[in-house]
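One structure is given below, encoded as structure tokens.
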Amino acid sequence: MTKQQLFEQIQKKQSFLCVGLDTDIKKIPDHLLEAEDPIYEFNKAIIDATAPYCVAYKPNLAFYESEGVKGWMAFEKTVAYIRQRYPDQFVIADAKRGDIGNTSEMYARTFFDEVKVNAVTVAPYMGEDSVKPFLIYSERWVILLALTSNKGSHDFQLMEDRNGERLFEKVLRVSQQWATDEQMMYVIGATQGKLFEDVRKIVPDHFLLVPGVGAQGGSLQEVCRYGMNKSCGLLVNSSRGIIYADSSEDFAYTAGQEARKLQQEMREMLKKYL
């Protein structure tokens, strides 16, 4: 999916919502535990209920890998289901990979050749040669961690060098030499508020994947005020606030309603800032 195609989906649905599929088998409704593949059945129901209101899905690999082989199979089946039923959805493997070149090449092969997601989150700490193997796939996206939503992000990401440049700013500036805004996005946490202004000074045209709205306390209003650009430029993720909104047999319906509420808020933000 190209940048223009993603923007077209945002315009069509009046939404820039990404639903995070952080599926914990200990939190899904009890009646699903009797199924052959509870994680997949939960995901399928969530996807069917939320697809009209979102433009992207983001399975978090930790939740699948924690279940071993059966968890990985549920992940693969989930991606395949989205691909088959909702081919216009942008699928992100939230894997946070990044290693020496030949190892990154294997990660890239896994997610792009085998599972066939649109994008994968990548840690930039090891530098250009750890990221380049993902960029070989011209029709796929790399989403670099830059300024994350967790409290510990300030431990390193806001550290300044002798010229006053902060680490996240260096990541944004240097990585633009590796790929354009047609192939690279950045993770910027919703809890960073006004710092979105500083991000946009360096990467005005890139898409940003924005976790942290909802359960982590990020403000959608602030994200849009400081982060939206002429092509929207935002994929705002919500996970727990949607998929765990209800633990009864009506869980999927409730998830759909929560996604719809966010979509309605996003429609207003698009009218206001785009």
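Each chain of the structure tokens is named A, B, ... in the order shown, its residues numbered from 1; ligands are numbered from 1 in display order.
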
* To do: Skip Glu65 of chain A itself and residues of its chain fewer than 6 positions away, then list as a PyMOL selection string all residues within 12 Å of it, counting only C-alpha atoms.
  => chain A and resi 22-25+39+59+71-76+94-95

For the residues in the current selection, export N, CA, C and O atoms as a PDB file, in the first residue's frame.
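Saved to selection.pdb:
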ATOM      1  N   ASP A  22      -3.604  -6.629  20.656  1.00  0.00           N
ATOM      2  CA  ASP A  22      -2.755  -7.094  21.762  1.00  0.00           C
ATOM      3  C   ASP A  22      -3.515  -8.180  22.516  1.00  0.00           C
ATOM      4  O   ASP A  22      -3.983  -7.983  23.637  1.00  0.00           O
ATOM      5  N   THR A  23      -3.648  -9.321  21.889  1.00  0.00           N
ATOM      6  CA  THR A  23      -4.584 -10.333  22.370  1.00  0.00           C
ATOM      7  C   THR A  23      -3.943 -11.242  23.409  1.00  0.00           C
ATOM      8  O   THR A  23      -3.101 -12.081  23.096  1.00  0.00           O
ATOM      9  N   ASP A  24      -4.380 -11.078  24.651  1.00  0.00           N
ATOM     10  CA  ASP A  24      -3.885 -11.856  25.787  1.00  0.00           C
ATOM     11  C   ASP A  24      -4.920 -12.942  26.101  1.00  0.00           C
ATOM     12  O   ASP A  24      -6.071 -12.634  26.438  1.00  0.00           O
ATOM     13  N   ILE A  25      -4.513 -14.185  26.000  1.00  0.00           N
ATOM     14  CA  ILE A  25      -5.460 -15.278  26.207  1.00  0.00           C
ATOM     15  C   ILE A  25      -6.061 -15.260  27.610  1.00  0.00           C
ATOM     16  O   ILE A  25      -7.155 -15.788  27.842  1.00  0.00           O
ATOM     17  N   ILE A  39      -7.390 -17.403  20.406  1.00  0.00           N
ATOM     18  CA  ILE A  39      -6.827 -16.101  20.033  1.00  0.00           C
ATOM     19  C   ILE A  39      -7.328 -15.685  18.653  1.00  0.00           C
ATOM     20  O   ILE A  39      -7.756 -14.547  18.449  1.00  0.00           O
ATOM     21  N   PRO A  59      -1.161  -6.134  15.116  1.00  0.00           N
ATOM     22  CA  PRO A  59      -0.885  -7.212  16.071  1.00  0.00           C
ATOM     23  C   PRO A  59       0.471  -6.972  16.761  1.00  0.00           C
ATOM     24  O   PRO A  59       1.468  -6.700  16.080  1.00  0.00           O
ATOM     25  N   GLY A  71       0.556 -19.688  19.216  1.00  0.00           N
ATOM     26  CA  GLY A  71       0.378 -18.239  19.167  1.00  0.00           C
ATOM     27  C   GLY A  71       0.820 -17.671  17.830  1.00  0.00           C
ATOM     28  O   GLY A  71       0.150 -16.817  17.247  1.00  0.00           O
ATOM     29  N   TRP A  72       1.975 -18.146  17.328  1.00  0.00           N
ATOM     30  CA  TRP A  72       2.458 -17.692  16.033  1.00  0.00           C
ATOM     31  C   TRP A  72       1.476 -18.072  14.924  1.00  0.00           C
ATOM     32  O   TRP A  72       1.217 -17.288  14.017  1.00  0.00           O
ATOM     33  N   MET A  73       0.907 -19.269  15.017  1.00  0.00           N
ATOM     34  CA  MET A  73      -0.071 -19.699  14.020  1.00  0.00           C
ATOM     35  C   MET A  73      -1.304 -18.799  14.061  1.00  0.00           C
ATOM     36  O   MET A  73      -1.866 -18.456  13.013  1.00  0.00           O
ATOM     37  N   ALA A  74      -1.708 -18.392  15.261  1.00  0.00           N
ATOM     38  CA  ALA A  74      -2.852 -17.486  15.386  1.00  0.00           C
ATOM     39  C   ALA A  74      -2.540 -16.134  14.748  1.00  0.00           C
ATOM     40  O   ALA A  74      -3.400 -15.522  14.098  1.00  0.00           O
ATOM     41  N   PHE A  75      -1.315 -15.680  14.911  1.00  0.00           N
ATOM     42  CA  PHE A  75      -0.883 -14.427  14.277  1.00  0.00           C
ATOM     43  C   PHE A  75      -0.957 -14.543  12.757  1.00  0.00           C
ATOM     44  O   PHE A  75      -1.528 -13.673  12.076  1.00  0.00           O
ATOM     45  N   GLU A  76      -0.397 -15.604  12.205  1.00  0.00           N
ATOM     46  CA  GLU A  76      -0.410 -15.791  10.754  1.00  0.00           C
ATOM     47  C   GLU A  76      -1.841 -15.886  10.219  1.00  0.00           C
ATOM     48  O   GLU A  76      -2.171 -15.306   9.179  1.00  0.00           O
ATOM     49  N   ASP A  94       3.783  -5.337  14.875  1.00  0.00           N
ATOM     50  CA  ASP A  94       4.477  -4.575  15.924  1.00  0.00           C
ATOM     51  C   ASP A  94       5.483  -5.502  16.589  1.00  0.00           C
ATOM     52  O   ASP A  94       5.216  -6.121  17.609  1.00  0.00           O
ATOM     53  N   ALA A  95       6.656  -5.620  15.954  1.00  0.00           N
ATOM     54  CA  ALA A  95       7.664  -6.601  16.362  1.00  0.00           C
ATOM     55  C   ALA A  95       8.883  -5.974  16.998  1.00  0.00           C
ATOM     56  O   ALA A  95       9.628  -6.630  17.714  1.00  0.00           O
TER      57      ALA A  95
END

* To do: Please provide as a ChimeraX atom specification all residues within 12 Å of Thr110 of chain A, with the sequence filter that same-chain residues fewer than 6 positions apart are discarded (counting only C-alpha atoms).
  => /A:72,76,93,95,97,103-104,116-117,119-120,133-134

* Name all residues at most 12 Å from Lys272 of chain A (count only C-alpha atoms; drop same-chain ones fewer than 5 positions away) and give them as a VMD selection string. => chain A and resid 221 224 to 225 228 to 230 232 265 to 267

What would the file look like if the residues just selected were written as a PDB file, in the first residue's frame with N, CA and C atoms?
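Output below, filename part_39.pdb:
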ATOM      1  N   GLN A 221      -6.793  15.116  20.895  1.00  0.00           N
ATOM      2  CA  GLN A 221      -6.826  16.526  20.513  1.00  0.00           C
ATOM      3  C   GLN A 221      -5.414  17.076  20.333  1.00  0.00           C
ATOM      4  N   CYS A 224      -3.566  15.602  17.238  1.00  0.00           N
ATOM      5  CA  CYS A 224      -4.029  16.185  15.970  1.00  0.00           C
ATOM      6  C   CYS A 224      -3.606  17.638  15.836  1.00  0.00           C
ATOM      7  N   ARG A 225      -3.682  18.362  16.905  1.00  0.00           N
ATOM      8  CA  ARG A 225      -3.319  19.789  16.867  1.00  0.00           C
ATOM      9  C   ARG A 225      -1.868  19.986  16.452  1.00  0.00           C
ATOM     10  N   MET A 228      -0.936  16.575  12.961  1.00  0.00           N
ATOM     11  CA  MET A 228      -1.570  16.316  11.673  1.00  0.00           C
ATOM     12  C   MET A 228      -0.943  17.174  10.577  1.00  0.00           C
ATOM     13  N   ASN A 229      -0.790  16.577   9.393  1.00  0.00           N
ATOM     14  CA  ASN A 229      -0.270  17.327   8.254  1.00  0.00           C
ATOM     15  C   ASN A 229      -1.265  17.287   7.096  1.00  0.00           C
ATOM     16  N   LYS A 230      -0.856  17.728   5.918  1.00  0.00           N
ATOM     17  CA  LYS A 230      -1.782  17.886   4.798  1.00  0.00           C
ATOM     18  C   LYS A 230      -2.335  16.557   4.276  1.00  0.00           C
ATOM     19  N   CYS A 232      -3.007  14.044   6.461  1.00  0.00           N
ATOM     20  CA  CYS A 232      -3.333  13.507   7.787  1.00  0.00           C
ATOM     21  C   CYS A 232      -2.052  13.119   8.517  1.00  0.00           C
ATOM     22  N   GLU A 265     -14.790  10.908  16.540  1.00  0.00           N
ATOM     23  CA  GLU A 265     -13.890  11.961  17.012  1.00  0.00           C
ATOM     24  C   GLU A 265     -12.866  12.321  15.944  1.00  0.00           C
ATOM     25  N   MET A 266     -12.373  11.300  15.266  1.00  0.00           N
ATOM     26  CA  MET A 266     -11.368  11.535  14.230  1.00  0.00           C
ATOM     27  C   MET A 266     -11.942  12.274  13.040  1.00  0.00           C
ATOM     28  N   ARG A 267     -13.197  12.010  12.723  1.00  0.00           N
ATOM     29  CA  ARG A 267     -13.862  12.743  11.640  1.00  0.00           C
ATOM     30  C   ARG A 267     -13.859  14.239  11.951  1.00  0.00           C
TER      31      ARG A 267
END

* Asked: Nearest to Glu8 of chain A: which of A:Ala252, A:Leu209, A:Val55, A:Ala245 is it, counting only C-alpha atoms?
  ->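 Smallest separation from Glu8 of chain A among the options: A:Val55.
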
* **Shell of 12 Å around Asp30 of chain A, only C-alpha atoms, local chain residues under 4 positions omitted, as a PyMOL selection string** => chain A and resi 25-26+34-35+38-39+42+246-251

* Looking at A:Gln4, A:Gln263, A:Tyr137, A:Ile243, which one is nearest to Ala179 of chain A, with distances taken over only C-alpha atoms? ->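 Closest residue, counting only C-alpha atoms: A:Tyr137.
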
* To do: as a PyMOL selection string, list the residues of segment 38-105 of chain A assigned to helix (DSSP H, G or I) by DSSP on the backbone atoms of this structure.
  => chain A and resi 38-53+61-65+68-85+101-105

* Which of these residues is nearest to Gly20 of chain A, using only C-alpha atoms: A:Asn60, A:Thr2, A:Gln257, A:Asn118? ->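 Answer, going by the shortest atom-to-atom distance: A:Asn60.
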
* May I ask for the distance between atom CA of Ile143 of chain A and atom CA of Leu234 of chain A, given in Å to one decimal place? => 12.3 Å

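Here atom CA of Arg173 of chain A is placed at a distance of 15.4 Å from atom CA of Val142 of chain A.
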
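The space between atom CA of Tyr253 of chain A and atom CA of Ala45 of chain A spans 8.7 Å.
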
* Asked: Between A:Leu172, A:Met184, A:Val203, A:Ala123, which is the closest to Glu139 of chain A once you count only C-alpha atoms?
  ->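 Looking only at the distances to Glu139 of chain A, the closest residue turns out to be A:Met184.
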
* With a distance cut-off of 7 Å and only C-alpha atoms, select the neighbouring residues of Ala56 of chain A, excluding the residue or stretch itself and same-chain residues fewer than 6 positions from it, and output the selection as a ChimeraX atom specification. => /A:17-19,89-91

Based on the selection just made, write N, CA and C atoms of those residues as a PDB file, in the first residue's frame.
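Saved file selection03.pdb follows:
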ATOM      1  N   LEU A  17      -7.793   5.564  12.473  1.00  0.00           N
ATOM      2  CA  LEU A  17      -7.696   4.643  13.600  1.00  0.00           C
ATOM      3  C   LEU A  17      -6.973   3.362  13.227  1.00  0.00           C
ATOM      4  N   CYS A  18      -6.053   2.973  14.079  1.00  0.00           N
ATOM      5  CA  CYS A  18      -5.387   1.673  14.004  1.00  0.00           C
ATOM      6  C   CYS A  18      -5.799   0.887  15.245  1.00  0.00           C
ATOM      7  N   VAL A  19      -6.343  -0.296  15.040  1.00  0.00           N
ATOM      8  CA  VAL A  19      -6.761  -1.133  16.171  1.00  0.00           C
ATOM      9  C   VAL A  19      -5.614  -2.079  16.531  1.00  0.00           C
ATOM     10  N   GLN A  89      -7.179  -2.820   4.396  1.00  0.00           N
ATOM     11  CA  GLN A  89      -6.613  -2.495   5.704  1.00  0.00           C
ATOM     12  C   GLN A  89      -5.077  -2.566   5.649  1.00  0.00           C
ATOM     13  N   PHE A  90      -4.450  -1.644   6.347  1.00  0.00           N
ATOM     14  CA  PHE A  90      -2.993  -1.572   6.462  1.00  0.00           C
ATOM     15  C   PHE A  90      -2.595  -2.410   7.678  1.00  0.00           C
ATOM     16  N   VAL A  91      -1.756  -3.416   7.487  1.00  0.00           N
ATOM     17  CA  VAL A  91      -1.422  -4.347   8.566  1.00  0.00           C
ATOM     18  C   VAL A  91       0.017  -4.136   9.035  1.00  0.00           C
TER      19      VAL A  91
END

* To do: Please report, as a list in words, each residue of segment 37-144 of chain A to which DSSP assigns strand (DSSP E) when run on this structure's backbone.
  =>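 So, restricting segment 37-144 of chain A to strand (DSSP E), we get Ala56, Tyr57, Lys58, Pro59, Phe90, Val91, Ile92, Ala93, Asp94, Ala95, Lys96, Arg97, Ala119, Val120, Thr121, Val122, Trp141, Val142, Ile143 and Leu144 of chain A.
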
Could you write those residues out with C-alpha atoms, as a CSV table (one decimal), in the first residue's frame?
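Written out: part02.csv:
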chain,number,residue,atom,x,y,z
A,56,ALA,CA,-5.2,-0.4,10.1
A,57,TYR,CA,-4.6,-3.3,12.4
A,58,LYS,CA,-1.5,-3.8,14.6
A,59,PRO,CA,-0.9,-7.2,16.1
A,90,PHE,CA,-3.0,-1.6,6.5
A,91,VAL,CA,-1.4,-4.3,8.6
A,92,ILE,CA,1.5,-3.6,10.9
A,93,ALA,CA,3.5,-6.3,12.7
A,94,ASP,CA,4.5,-4.6,15.9
A,95,ALA,CA,7.7,-6.6,16.4
A,96,LYS,CA,10.3,-3.9,17.2
A,97,ARG,CA,13.0,-5.9,15.5
A,119,ALA,CA,4.8,-2.7,7.8
A,120,VAL,CA,7.0,-3.7,10.7
A,121,THR,CA,8.2,-1.7,13.6
A,122,VAL,CA,12.0,-1.5,13.8
A,141,TRP,CA,7.0,0.0,5.2
A,142,VAL,CA,9.5,0.4,8.0
A,143,ILE,CA,8.2,2.1,11.2
A,144,LEU,CA,11.1,3.3,13.3
